[in-house]
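Pasting protein.cif here (mmCIF, C-alpha atoms and all ligand atoms):
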```cif
data_data
loop_
_atom_site.label_atom_id
_atom_site.label_comp_id
_atom_site.auth_asym_id
_atom_site.auth_seq_id
_atom_site.Cartn_x
_atom_site.Cartn_y
_atom_site.Cartn_z
CA MET A 167 0.00 0.00 0.00
CA THR A 168 1.46 3.37 -1.04
CA ASP A 169 1.53 6.13 1.60
CA THR A 170 0.96 9.08 -0.72
CA ASN A 171 1.78 11.59 2.01
CA SER A 172 5.44 10.77 2.22
CA THR A 173 6.23 8.29 -0.56
CA LEU A 174 7.87 10.13 -3.42
CA ILE A 175 8.64 7.16 -5.60
CA GLN A 176 7.88 3.48 -5.36
CA ALA A 177 9.12 0.75 -7.68
CA THR A 178 7.41 -2.63 -7.46
CA ASP A 179 8.77 -5.80 -9.00
CA ILE A 180 10.65 -4.03 -11.79
CA TYR A 181 12.10 -6.13 -14.60
CA LEU A 182 14.15 -4.62 -17.40
CA GLU A 183 15.40 -6.50 -20.41
CA LEU A 184 17.50 -4.73 -23.04
CA GLY A 185 19.16 -6.31 -26.05
CA GLY A 186 18.34 -9.79 -24.78
CA ASN A 187 19.97 -9.14 -21.38
CA VAL A 188 18.08 -8.97 -18.11
CA LEU A 189 19.48 -5.83 -16.46
CA LEU A 190 17.02 -5.63 -13.57
CA GLU A 191 15.05 -8.43 -12.02
CA ALA A 192 12.23 -8.15 -9.45
CA VAL A 193 13.51 -4.85 -8.05
CA SER A 194 11.28 -3.12 -5.50
CA PHE A 195 12.07 -0.06 -3.40
CA ALA A 196 10.60 3.22 -2.21
CA VAL A 197 11.96 6.63 -1.26
CA ARG A 198 10.06 8.87 1.11
CA SER A 199 10.41 12.57 1.91
CA GLY A 200 13.35 13.30 4.15
CA GLU A 201 14.96 9.91 3.52
CA ILE A 202 18.34 9.05 1.96
CA VAL A 203 18.39 5.74 0.10
CA THR A 204 21.69 4.57 -1.36
CA VAL A 205 22.17 1.96 -4.07
CA ILE A 206 25.42 0.01 -3.87
CA GLY A 207 26.65 -2.91 -5.95
CA PRO A 208 29.52 -4.04 -8.18
CA ASN A 209 30.32 -2.56 -11.59
CA GLY A 210 27.64 -3.47 -14.10
CA ALA A 211 25.13 -4.31 -11.33
CA GLY A 212 22.52 -2.04 -12.90
CA LYS A 213 22.74 0.91 -10.48
CA THR A 214 22.68 3.64 -13.14
CA THR A 215 20.07 1.65 -15.06
CA LEU A 216 17.90 1.60 -11.94
CA LEU A 217 18.20 5.38 -11.59
CA ARG A 218 17.23 5.75 -15.27
CA VAL A 219 14.14 3.66 -14.64
CA ALA A 220 13.33 5.78 -11.56
CA LEU A 221 13.68 8.91 -13.72
CA GLU A 222 11.36 7.38 -16.34
CA LEU A 223 14.13 7.54 -18.94
CA LEU A 224 13.85 3.77 -19.36
CA ARG A 225 10.54 1.96 -19.39
CA PRO A 226 10.59 -1.29 -17.40
CA SER A 227 9.68 -4.49 -19.24
CA ALA A 228 7.45 -5.43 -16.28
CA GLY A 229 6.57 -4.05 -12.88
CA THR A 230 5.18 -0.70 -11.80
CA LEU A 231 6.70 2.65 -10.98
CA TYR A 232 4.78 5.15 -8.90
CA HIS A 233 5.71 8.84 -8.77
CA ARG A 234 3.87 11.08 -6.36
CA PRO A 235 1.71 13.47 -8.40
CA GLN A 236 3.60 16.64 -9.44
CA LEU A 237 6.85 15.12 -8.24
CA THR A 238 9.83 17.31 -9.10
CA ILE A 239 13.15 15.51 -9.46
CA GLY A 240 16.63 17.03 -9.49
CA TYR A 241 19.11 14.74 -11.23
CA MET A 242 22.89 14.73 -10.94
CA PRO A 243 24.32 12.46 -13.64
CA GLN A 244 27.41 10.30 -13.31
CA ARG A 245 29.23 11.97 -16.18
CA LEU A 246 29.23 15.40 -17.73
CA GLN A 247 30.47 15.74 -21.30
CA LEU A 248 31.84 19.23 -21.84
CA ASP A 249 33.60 20.46 -24.93
CA PRO A 250 37.03 21.53 -23.58
CA THR A 251 37.32 24.13 -26.37
CA PHE A 252 33.96 25.77 -25.57
CA PRO A 253 34.37 28.36 -22.80
CA LEU A 254 31.51 27.97 -20.35
CA SER A 255 31.24 29.74 -17.02
CA VAL A 256 29.44 28.15 -14.07
CA LYS A 257 26.78 30.88 -14.24
CA ARG A 258 26.15 30.18 -17.95
CA PHE A 259 26.09 26.42 -17.32
CA LEU A 260 23.42 26.89 -14.63
CA SER A 261 21.42 29.24 -16.85
CA PHE A 262 21.16 26.49 -19.50
CA ALA A 263 19.72 24.19 -16.86
CA ARG A 264 17.21 26.59 -15.45
CA LYS A 265 15.98 29.27 -17.79
CA GLY A 266 14.31 32.17 -16.02
CA CYS A 267 16.55 32.03 -12.95
CA ASP A 268 18.75 35.07 -12.38
CA ALA A 269 22.25 35.47 -10.99
CA THR A 270 20.84 35.88 -7.47
CA ALA A 271 19.21 32.44 -7.66
CA PHE A 272 22.45 30.92 -8.95
CA ARG A 273 24.47 32.58 -6.20
CA THR A 274 21.98 31.43 -3.53
CA VAL A 275 22.08 27.80 -4.60
CA LEU A 276 25.87 27.85 -5.05
CA LYS A 277 26.14 29.27 -1.54
CA GLU A 278 24.01 26.39 -0.28
CA THR A 279 26.47 23.90 -1.80
CA GLY A 280 29.57 25.89 -0.76
CA ALA A 281 30.54 26.79 -4.33
CA ASP A 282 29.54 30.45 -4.69
CA HIS A 283 33.21 31.40 -5.15
CA VAL A 284 33.27 29.65 -8.55
CA ILE A 285 30.21 31.38 -10.08
CA ASP A 286 32.34 33.15 -12.72
CA ALA A 287 34.91 30.35 -13.13
CA ALA A 288 35.14 28.22 -16.26
CA MET A 289 33.51 24.81 -15.87
CA GLN A 290 36.62 23.22 -17.40
CA HIS A 291 38.83 24.64 -14.62
CA LEU A 292 36.86 23.40 -11.62
CA SER A 293 38.35 20.91 -9.20
CA GLY A 294 36.59 17.55 -8.77
CA GLY A 295 34.85 18.71 -5.60
CA GLU A 296 33.83 22.07 -7.09
CA LEU A 297 32.38 20.36 -10.16
CA GLN A 298 30.29 17.99 -8.02
CA ARG A 299 28.97 20.95 -5.99
CA VAL A 300 28.04 22.81 -9.19
CA LEU A 301 26.25 19.72 -10.52
CA LEU A 302 24.42 19.40 -7.21
CA SER A 303 23.49 23.10 -7.44
CA ARG A 304 22.06 22.52 -10.90
CA ALA A 305 19.90 19.69 -9.54
CA LEU A 306 18.74 21.89 -6.64
CA LEU A 307 17.68 24.77 -8.90
CA ARG A 308 14.54 22.80 -9.74
CA GLN A 309 13.49 22.88 -6.04
CA PRO A 310 13.21 19.09 -6.18
CA ASP A 311 11.10 16.89 -3.93
CA LEU A 312 13.51 14.10 -4.83
CA LEU A 313 17.24 14.33 -5.57
CA VAL A 314 18.65 11.54 -7.74
CA LEU A 315 22.44 11.51 -7.50
CA ASP A 316 24.61 9.13 -9.54
CA GLU A 317 27.93 8.77 -7.71
CA PRO A 318 27.90 12.30 -6.29
CA VAL A 319 31.37 12.08 -4.70
CA GLN A 320 33.29 10.67 -7.65
CA GLY A 321 36.54 12.43 -8.47
CA VAL A 322 36.78 13.83 -4.94
CA ASP A 323 39.42 13.03 -2.30
CA VAL A 324 38.35 11.25 0.88
CA HIS A 325 38.15 14.42 2.97
CA GLY A 326 36.02 16.05 0.26
CA GLN A 327 33.82 12.94 0.07
CA VAL A 328 33.01 13.19 3.78
CA GLU A 329 32.16 16.88 3.32
CA LEU A 330 29.92 16.14 0.32
CA TYR A 331 28.00 13.42 2.14
CA GLN A 332 27.55 15.83 5.07
CA LEU A 333 26.31 18.46 2.63
CA ILE A 334 23.80 16.03 1.11
CA GLY A 335 22.56 15.22 4.62
CA LYS A 336 22.24 18.93 5.45
CA ILE A 337 20.31 19.59 2.22
CA ARG A 338 17.99 16.71 3.08
CA ASP A 339 17.48 18.10 6.60
CA GLU A 340 16.82 21.65 5.43
CA ARG A 341 14.66 20.86 2.39
CA ASN A 342 13.08 17.62 3.65
CA CYS A 343 13.58 16.20 0.16
CA GLY A 344 14.14 12.52 -0.53
CA VAL A 345 17.51 11.40 -1.88
CA LEU A 346 18.15 8.37 -4.07
CA MET A 347 21.86 7.98 -4.79
CA VAL A 348 24.39 5.54 -6.14
CA SER A 349 27.67 5.14 -4.33
CA HIS A 350 30.81 3.02 -4.43
CA ASP A 351 32.17 4.41 -1.18
CA LEU A 352 30.93 1.74 1.17
CA HIS A 353 32.47 2.86 4.39
CA LEU A 354 31.67 6.56 4.07
CA VAL A 355 28.20 6.14 2.69
CA MET A 356 27.04 3.85 5.47
CA ALA A 357 27.28 6.81 7.86
CA ALA A 358 25.41 9.07 5.46
CA THR A 359 22.38 7.04 4.46
CA ASP A 360 19.13 5.92 6.07
CA ARG A 361 18.67 2.83 3.93
CA VAL A 362 20.81 0.81 1.55
CA LEU A 363 19.84 -1.24 -1.49
CA CYS A 364 22.49 -3.78 -2.34
CA LEU A 365 21.97 -4.45 -6.06
CA ASN A 366 23.35 -7.03 -8.42
CA ARG A 367 20.65 -6.89 -11.11
CA HIS A 368 18.30 -7.99 -8.33
CA ILE A 369 18.21 -6.72 -4.75
CA CYS A 370 20.57 -8.95 -2.80
CA CYS A 371 19.71 -7.30 0.52
CA SER A 372 18.33 -4.00 1.77
CA GLY A 373 17.65 -2.12 4.98
CA THR A 374 19.43 0.18 7.38
CA PRO A 375 23.24 0.25 7.18
CA ALA A 376 23.41 -1.87 10.36
CA VAL A 377 21.12 -4.51 8.87
CA VAL A 378 22.81 -4.57 5.46
CA THR A 379 26.40 -4.68 6.70
CA SER A 380 25.64 -7.79 8.72
CA ASP A 381 23.64 -9.50 5.97
CA PRO A 382 25.35 -12.64 4.58
CA GLU A 383 24.74 -11.45 1.00
CA TYR A 384 26.48 -8.13 1.68
CA LEU A 385 29.37 -9.96 3.32
CA LYS A 386 29.65 -12.31 0.32
CA MET A 387 29.81 -9.31 -1.99
CA TYR A 388 31.97 -6.97 0.05
CA GLY A 389 33.60 -8.98 2.82
CA HIS A 390 36.89 -8.96 0.89
CA LEU A 391 36.93 -5.15 1.05
CA ALA A 392 36.79 -5.27 4.84
CA LEU A 393 39.77 -7.64 4.74
CA TYR A 394 41.51 -5.31 2.31
CA GLN A 395 41.32 -2.50 4.85
CA HIS A 396 43.33 -4.63 7.26
CA ASP A 397 45.96 -6.08 4.96
CA ARG A 398 46.77 -4.33 1.73
CA THR A 399 49.31 -6.99 0.74
CA HIS A 400 46.59 -9.57 0.14
CA HIS A 401 44.87 -9.86 -3.20
CA HIS A 402 41.17 -10.61 -3.31
CA ASP A 403 39.04 -11.11 -6.41
CA HIS A 404 36.13 -8.75 -6.96
CA GLY A 405 33.16 -10.97 -6.33
CA GLY A 406 29.64 -10.44 -7.49
CA CYS A 407 26.62 -11.49 -5.54
CA SER A 408 26.51 -15.23 -5.33
CA CYS A 409 23.15 -15.55 -3.69
CA ASP A 410 20.89 -18.32 -4.87
CA ARG A 411 17.98 -17.36 -7.05
N1 LIG B 501 20.99 0.64 -23.21
C1 LIG B 501 21.56 -0.52 -22.86
N2 LIG B 501 21.39 -1.63 -23.62
C2 LIG B 501 21.94 -2.80 -23.25
N3 LIG B 501 22.70 -2.97 -22.13
C3 LIG B 501 22.89 -1.89 -21.36
C4 LIG B 501 22.33 -0.62 -21.67
N4 LIG B 501 22.68 0.25 -20.69
C5 LIG B 501 23.43 -0.45 -19.82
N5 LIG B 501 23.56 -1.71 -20.22
C6 LIG B 501 24.27 -2.79 -19.51
O1 LIG B 501 23.62 -2.96 -18.28
C7 LIG B 501 24.56 -3.33 -17.27
C8 LIG B 501 24.39 -2.42 -16.09
O2 LIG B 501 24.88 -1.11 -16.43
P1 LIG B 501 24.84 0.08 -15.38
O3 LIG B 501 25.53 1.24 -16.00
O4 LIG B 501 23.46 0.27 -14.91
O5 LIG B 501 25.71 -0.54 -14.20
P2 LIG B 501 26.27 0.17 -12.90
O6 LIG B 501 25.92 -0.71 -11.75
O7 LIG B 501 25.80 1.58 -12.82
O8 LIG B 501 27.82 0.09 -13.18
P3 LIG B 501 29.05 1.03 -12.70
O9 LIG B 501 29.23 0.79 -11.25
O10 LIG B 501 30.19 0.48 -13.50
O11 LIG B 501 28.71 2.45 -13.04
C9 LIG B 501 25.92 -3.26 -17.92
O12 LIG B 501 26.32 -4.57 -18.26
C10 LIG B 501 25.69 -2.42 -19.15
O13 LIG B 501 26.59 -2.79 -20.19
#
```

Kindly transcribe the structure held in the file into structure tokens.
Amino acid sequence: MTDTNSTLIQATDIYLELGGNVLLEAVSFAVRSGEIVTVIGPNGAGKTTLLRVALELLRPSAGTLYHRPQLTIGYMPQRLQLDPTFPLSVKRFLSFARKGCDATAFRTVLKETGADHVIDAAMQHLSGGELQRVLLSRALLRQPDLLVLDEPVQGVDVHGQVELYQLIGKIRDERNCGVLMVSHDLHLVMAATDRVLCLNRHICCSGTPAVVTSDPEYLKMYGHLALYQHDRTHHHDHGGCSCDR
């Protein structure tokens, strides 16, 4: 039963087949207002594909996707293709995203993400952390009910990653928006999320960080990374989910 007061998005039993490959199988999840839900999983697990289904950019082969009526989504993609020869200031980049907003609106949202000092800088000259904050600002300009963030801390050093996760939490607190994000940074993200979906084309396990990190399926998938933290001289294969289906 969907609680329309707080449920922003709910996926039920989603299947997606593309080019003869099953990319998503029986995937169900929901994101509510004020909640951070993080999708983790190995490369090729279907994390970005799942976000694209959530954004209605891909139509599932089966299953249902509910969006709260008039839901506004702010999306931060995994990659940004910019022509290095085309000079583009941050202000101009934001104006493409949100026509009708003025410099004051851009400055306000950049201040919120801690990037107002780069408003006149060239996009091509931003540091990894500055670029992620500008992309987050672009997503926030829509005043979203739901933020969808595809690897929001990529290209950022560990200290910057912690700061970005704290910023995402602060934005959630202040705006009471929902957040659906993909992350590879297991250890950091567990402190920054309310719920985790562990995906390998299907949901291997899900729940609060405490529940997921003690789930046998999570340990099968990521236990070797915990070992890796202790002894960097050992080599461990990257394992996918080996749960029985
Ligand atoms: N349009 C498509 N048609 C067919 N296969 C696709 C399509 N898009 C993605 N795939 C395949 O679906 C699988 C999942 O891709 P996806 O990008 O969702 O994985 P991911 O979990 O986000 O990976 P990563 O962690 O490497 O970013 C991959 O094997 C990819 O090659």

Requested in this report: Step by step: start from the point (21.9, -5.5, 1.7) in the file's coordinates, keep every protein, DNA or RNA residue that has an atom no farther than 9 Å from it, count only C-alpha atoms, and write the set as JSON, numbers by chain.
Outcome: {"A": [206, 362, 363, 364, 365, 369, 370, 371, 372, 373, 374, 375, 377, 378, 379, 380, 381, 382, 383, 384, 385]}

Query raised in the report: Residues at most 9 Å from ligand LIG 501 (chain B), using only C-alpha atoms and all ligand atoms? Could they come as a PyMOL selection string?
Result: chain A and resi 183-190+205-218+224+244+316-317+348-350+365-367

For the residues in the current selection, export C-alpha atoms as an mmCIF file, in the frame of the given file.
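Okay, again03.cif is ready:
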```cif
data_model
loop_
_atom_site.group_PDB
_atom_site.id
_atom_site.type_symbol
_atom_site.label_atom_id
_atom_site.label_comp_id
_atom_site.auth_asym_id
_atom_site.auth_seq_id
_atom_site.Cartn_x
_atom_site.Cartn_y
_atom_site.Cartn_z
ATOM 1 C CA GLU A 183 15.400 -6.500 -20.410
ATOM 2 C CA LEU A 184 17.500 -4.730 -23.040
ATOM 3 C CA GLY A 185 19.160 -6.310 -26.050
ATOM 4 C CA GLY A 186 18.340 -9.790 -24.780
ATOM 5 C CA ASN A 187 19.970 -9.140 -21.380
ATOM 6 C CA VAL A 188 18.080 -8.970 -18.110
ATOM 7 C CA LEU A 189 19.480 -5.830 -16.460
ATOM 8 C CA LEU A 190 17.020 -5.630 -13.570
ATOM 9 C CA VAL A 205 22.170 1.960 -4.070
ATOM 10 C CA ILE A 206 25.420 0.010 -3.870
ATOM 11 C CA GLY A 207 26.650 -2.910 -5.950
ATOM 12 C CA PRO A 208 29.520 -4.040 -8.180
ATOM 13 C CA ASN A 209 30.320 -2.560 -11.590
ATOM 14 C CA GLY A 210 27.640 -3.470 -14.100
ATOM 15 C CA ALA A 211 25.130 -4.310 -11.330
ATOM 16 C CA GLY A 212 22.520 -2.040 -12.900
ATOM 17 C CA LYS A 213 22.740 0.910 -10.480
ATOM 18 C CA THR A 214 22.680 3.640 -13.140
ATOM 19 C CA THR A 215 20.070 1.650 -15.060
ATOM 20 C CA LEU A 216 17.900 1.600 -11.940
ATOM 21 C CA LEU A 217 18.200 5.380 -11.590
ATOM 22 C CA ARG A 218 17.230 5.750 -15.270
ATOM 23 C CA LEU A 224 13.850 3.770 -19.360
ATOM 24 C CA GLN A 244 27.410 10.300 -13.310
ATOM 25 C CA ASP A 316 24.610 9.130 -9.540
ATOM 26 C CA GLU A 317 27.930 8.770 -7.710
ATOM 27 C CA VAL A 348 24.390 5.540 -6.140
ATOM 28 C CA SER A 349 27.670 5.140 -4.330
ATOM 29 C CA HIS A 350 30.810 3.020 -4.430
ATOM 30 C CA LEU A 365 21.970 -4.450 -6.060
ATOM 31 C CA ASN A 366 23.350 -7.030 -8.420
ATOM 32 C CA ARG A 367 20.650 -6.890 -11.110
#
```

**Report entry** Spatial neighbours of region 248-264 of chain A, max dist 7 Å, all atoms listed in the file, sep filter under 3 positions, as a PyMOL selection string
**Finding:** chain A and resi 267+272+284-290+304+307

Report summary line: Residue with the minimum atom-to-atom distance to His325 (chain A), picked from A:Pro310, A:Gly229, A:Gly344, A:Gly295 with all atoms listed in the file counted, is A:Gly295

Query - Separation of CA of Leu182 (chain A) from CA of Leu315 (chain A), in Å and rounded to one decimal - result: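 Rounded to one decimal, the two atoms are 20.7 Å apart.
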
Query raised in the report: Which one is closest to Gly294 (chain A): A:Gln236, A:Thr274, A:Gln327, A:Thr359? Count only C-alpha atoms.
Result: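 Closest residue, counting only C-alpha atoms: A:Gln327.
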
Requested in this report: Measure the distance from CA of Asp339 (chain A) to CA of Arg299 (chain A) in Å and round it to one decimal.
Outcome: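 Calculated distance between CA of Asp339 (chain A) and CA of Arg299 (chain A) is 17.3 Å.
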
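Here the question is which of A:Val203, A:Tyr181, A:Glu222, A:His283 gets nearest to Ala357 (chain A) using all atoms listed in the file, and that residue is A:Val203.
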
Query raised in the report: Taking (8.4, 2.4, -9.1) in the file's coordinates, which residues come within 8 Å, counting only C-alpha atoms, written as a PyMOL selection string?
Result: chain A and resi 175-178+180+194-196+220+229-233

**Report entry** Selected residue of minimal separation from Gly326 (chain A) among A:Ile239, A:Leu301, A:Leu354, A:Leu313, counting only C-alpha atoms
**Finding:**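 Smallest separation from Gly326 (chain A) among the options: A:Leu354.
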